[in-house]
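J.: Got coords27.txt for you, compact mmCIF, C-alpha atoms:
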# COMPACT_ATOMS: atom_id res chain seq x y z
CA MET A 2 0.59 -3.21 -11.82
CA ASP A 3 1.14 -2.61 -15.51
CA TYR A 4 3.42 -5.59 -16.14
CA LYS A 5 3.29 -9.38 -16.01
CA ILE A 6 5.48 -11.29 -13.54
CA VAL A 7 7.00 -14.15 -15.52
CA LYS A 8 9.21 -15.66 -12.80
CA GLU A 9 10.26 -14.81 -9.26
CA ILE A 10 12.50 -16.06 -6.48
CA SER A 11 13.18 -15.15 -2.86
CA LEU A 12 16.83 -14.57 -2.04
CA LYS A 13 16.43 -15.10 1.71
CA SER A 14 18.75 -18.12 1.72
CA ILE A 15 20.85 -17.12 -1.31
CA SER A 16 23.99 -14.99 -1.18
CA ALA A 17 25.26 -12.62 -3.82
CA THR A 18 28.38 -13.74 -5.70
CA GLY A 19 29.92 -10.28 -5.46
CA LYS A 20 30.54 -10.24 -9.22
CA THR A 21 28.61 -7.01 -9.69
CA LYS A 22 27.30 -3.98 -7.82
CA HIS A 23 24.30 -1.82 -8.69
CA PHE A 24 24.15 1.93 -8.14
CA VAL A 25 21.41 4.53 -8.22
CA GLY A 26 23.25 7.78 -8.69
CA ASN A 27 26.27 7.54 -6.38
CA ARG A 28 24.57 5.23 -3.88
CA GLU A 29 25.19 1.49 -3.95
CA VAL A 30 21.92 -0.44 -3.93
CA GLU A 31 21.33 -2.80 -1.02
CA THR A 32 21.29 -6.55 -1.60
CA PRO A 33 17.82 -7.48 -2.82
CA SER A 34 15.48 -9.83 -0.97
CA LYS A 35 13.70 -11.02 -4.08
CA LEU A 36 14.09 -11.10 -7.86
CA GLN A 37 11.34 -10.93 -10.46
CA ILE A 38 11.49 -11.32 -14.21
CA ILE A 39 8.74 -9.17 -15.70
CA GLN A 40 7.45 -8.09 -19.07
CA TYR A 41 5.56 -4.92 -19.90
CA PRO A 42 2.68 -5.04 -22.40
CA ASN A 43 3.79 -4.39 -25.98
CA ASP A 44 7.47 -4.86 -25.03
CA ASP A 45 9.45 -7.76 -26.49
CA GLY A 46 12.10 -7.60 -23.76
CA PHE A 47 12.20 -8.63 -20.12
CA TYR A 48 13.34 -6.85 -16.97
CA LEU A 49 15.05 -8.42 -14.00
CA PHE A 50 13.70 -6.52 -11.00
CA TYR A 51 15.71 -6.40 -7.77
CA LEU A 52 13.30 -5.94 -4.84
CA ASP A 53 13.77 -5.03 -1.17
CA ASP A 54 11.99 -6.57 1.85
CA GLY A 55 8.95 -4.36 1.24
CA ALA A 56 8.75 -5.39 -2.45
CA ALA A 57 9.93 -1.96 -3.63
CA ILE A 58 12.02 -2.05 -6.80
CA LEU A 59 15.64 -1.19 -6.02
CA THR A 60 16.92 -1.39 -9.59
CA ASP A 61 16.51 -3.45 -12.75
CA THR A 62 18.34 -4.81 -15.77
CA TYR A 63 16.96 -5.27 -19.29
CA HIS A 64 17.23 -8.53 -21.24
CA ASN A 65 16.12 -9.71 -24.67
CA SER A 66 14.83 -13.01 -23.27
CA VAL A 67 13.69 -14.70 -20.07
CA GLU A 68 16.75 -16.93 -20.39
CA GLY A 69 19.01 -13.87 -20.51
CA ALA A 70 17.49 -12.52 -17.29
CA MET A 71 17.86 -15.93 -15.65
CA GLU A 72 21.52 -16.09 -16.72
CA GLN A 73 22.11 -12.68 -15.12
CA ALA A 74 20.53 -13.90 -11.87
CA GLN A 75 22.67 -17.04 -11.98
CA TRP A 76 25.81 -14.96 -12.50
CA GLU A 77 24.96 -12.58 -9.65
CA PHE A 78 23.34 -14.98 -7.15
CA ASN A 79 23.97 -18.56 -8.35
CA VAL A 80 20.21 -18.94 -8.92
CA ARG A 81 19.68 -22.13 -10.92
CA PRO A 82 16.87 -22.23 -13.51
CA GLU A 83 14.88 -24.85 -11.56
CA GLU A 84 14.77 -22.61 -8.45
CA TRP A 85 12.48 -20.00 -10.06
CA SER A 86 8.73 -20.12 -9.49
Could you express the structure from this file as structure tokens?

T.:
Amino acid sequence: MDYKIVKEISLKSISATGKTKHFVGNREVETPSKLQIIQYPNDDGFYLFYLDDGAAILTDTYHNSVEGAMEQAQWEFNVRPEEWS
């Protein structure tokens, strides 16, 4: 793994808000099972990874801060800041 996991959360008991959809090509990405906020070495930004049941990355979004990534997760899944580990 060439990145650091900053925060993560399981979405097993959390439902998507339906405010957004993610696509890879023309295919809609399945609802993730887990979210991770990560940072690559020598990168000032943070990525919000959307992971499936097998921990494969489905898609990601880029953010300038951890707080920005957390706000995106709150908007999409109602994940509150205190729920992250």

J.: If you measure from atom CA of A:Gln37 to atom CA of A:Val7, what distance in Å do you get, rounded to one decimal?

T.: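 So the answer is 7.4 Å.
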
J.: Between atom CA of A:Asn79 and atom CA of A:Asn65, measure the distance and give it in Å to one decimal.

T.: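 So the answer is 20.2 Å.
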
J.: Env of A:Thr18: 8 Å cut, atoms = all atoms listed in the file, seq-sep filter 5 positions within chain, self excluded. Answer as number ranges by chain.

T.: A: 76-79

J.: Quick check, in Å to one decimal: how far apart do atom CA of A:Gly55 and atom CA of A:Ile10 lie?

T.: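 So the answer is 14.5 Å.
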
J.: Please identify all polymer residues within 12 Å of A:Met71, counting only C-alpha atoms, omitting same-chain residues fewer than 6 positions from it, and present them as JSON, numbers by chain.

T.: {"A": [7, 8, 9, 10, 36, 37, 38, 39, 47, 48, 49, 50, 62, 63, 64, 65, 77, 78, 79, 80, 81, 82, 83, 84, 85, 86]}

J.: What does the file look like for those residues with C-alpha atoms, as a PDB file, in the frame of the given file?

T.:
ATOM      1  CA  VAL A   7       7.000 -14.150 -15.520  1.00  0.00           C
ATOM      2  CA  LYS A   8       9.210 -15.660 -12.800  1.00  0.00           C
ATOM      3  CA  GLU A   9      10.260 -14.810  -9.260  1.00  0.00           C
ATOM      4  CA  ILE A  10      12.500 -16.060  -6.480  1.00  0.00           C
ATOM      5  CA  LEU A  36      14.090 -11.100  -7.860  1.00  0.00           C
ATOM      6  CA  GLN A  37      11.340 -10.930 -10.460  1.00  0.00           C
ATOM      7  CA  ILE A  38      11.490 -11.320 -14.210  1.00  0.00           C
ATOM      8  CA  ILE A  39       8.740  -9.170 -15.700  1.00  0.00           C
ATOM      9  CA  PHE A  47      12.200  -8.630 -20.120  1.00  0.00           C
ATOM     10  CA  TYR A  48      13.340  -6.850 -16.970  1.00  0.00           C
ATOM     11  CA  LEU A  49      15.050  -8.420 -14.000  1.00  0.00           C
ATOM     12  CA  PHE A  50      13.700  -6.520 -11.000  1.00  0.00           C
ATOM     13  CA  THR A  62      18.340  -4.810 -15.770  1.00  0.00           C
ATOM     14  CA  TYR A  63      16.960  -5.270 -19.290  1.00  0.00           C
ATOM     15  CA  HIS A  64      17.230  -8.530 -21.240  1.00  0.00           C
ATOM     16  CA  ASN A  65      16.120  -9.710 -24.670  1.00  0.00           C
ATOM     17  CA  GLU A  77      24.960 -12.580  -9.650  1.00  0.00           C
ATOM     18  CA  PHE A  78      23.340 -14.980  -7.150  1.00  0.00           C
ATOM     19  CA  ASN A  79      23.970 -18.560  -8.350  1.00  0.00           C
ATOM     20  CA  VAL A  80      20.210 -18.940  -8.920  1.00  0.00           C
ATOM     21  CA  ARG A  81      19.680 -22.130 -10.920  1.00  0.00           C
ATOM     22  CA  PRO A  82      16.870 -22.230 -13.510  1.00  0.00           C
ATOM     23  CA  GLU A  83      14.880 -24.850 -11.560  1.00  0.00           C
ATOM     24  CA  GLU A  84      14.770 -22.610  -8.450  1.00  0.00           C
ATOM     25  CA  TRP A  85      12.480 -20.000 -10.060  1.00  0.00           C
ATOM     26  CA  SER A  86       8.730 -20.120  -9.490  1.00  0.00           C
TER      27      SER A  86
END
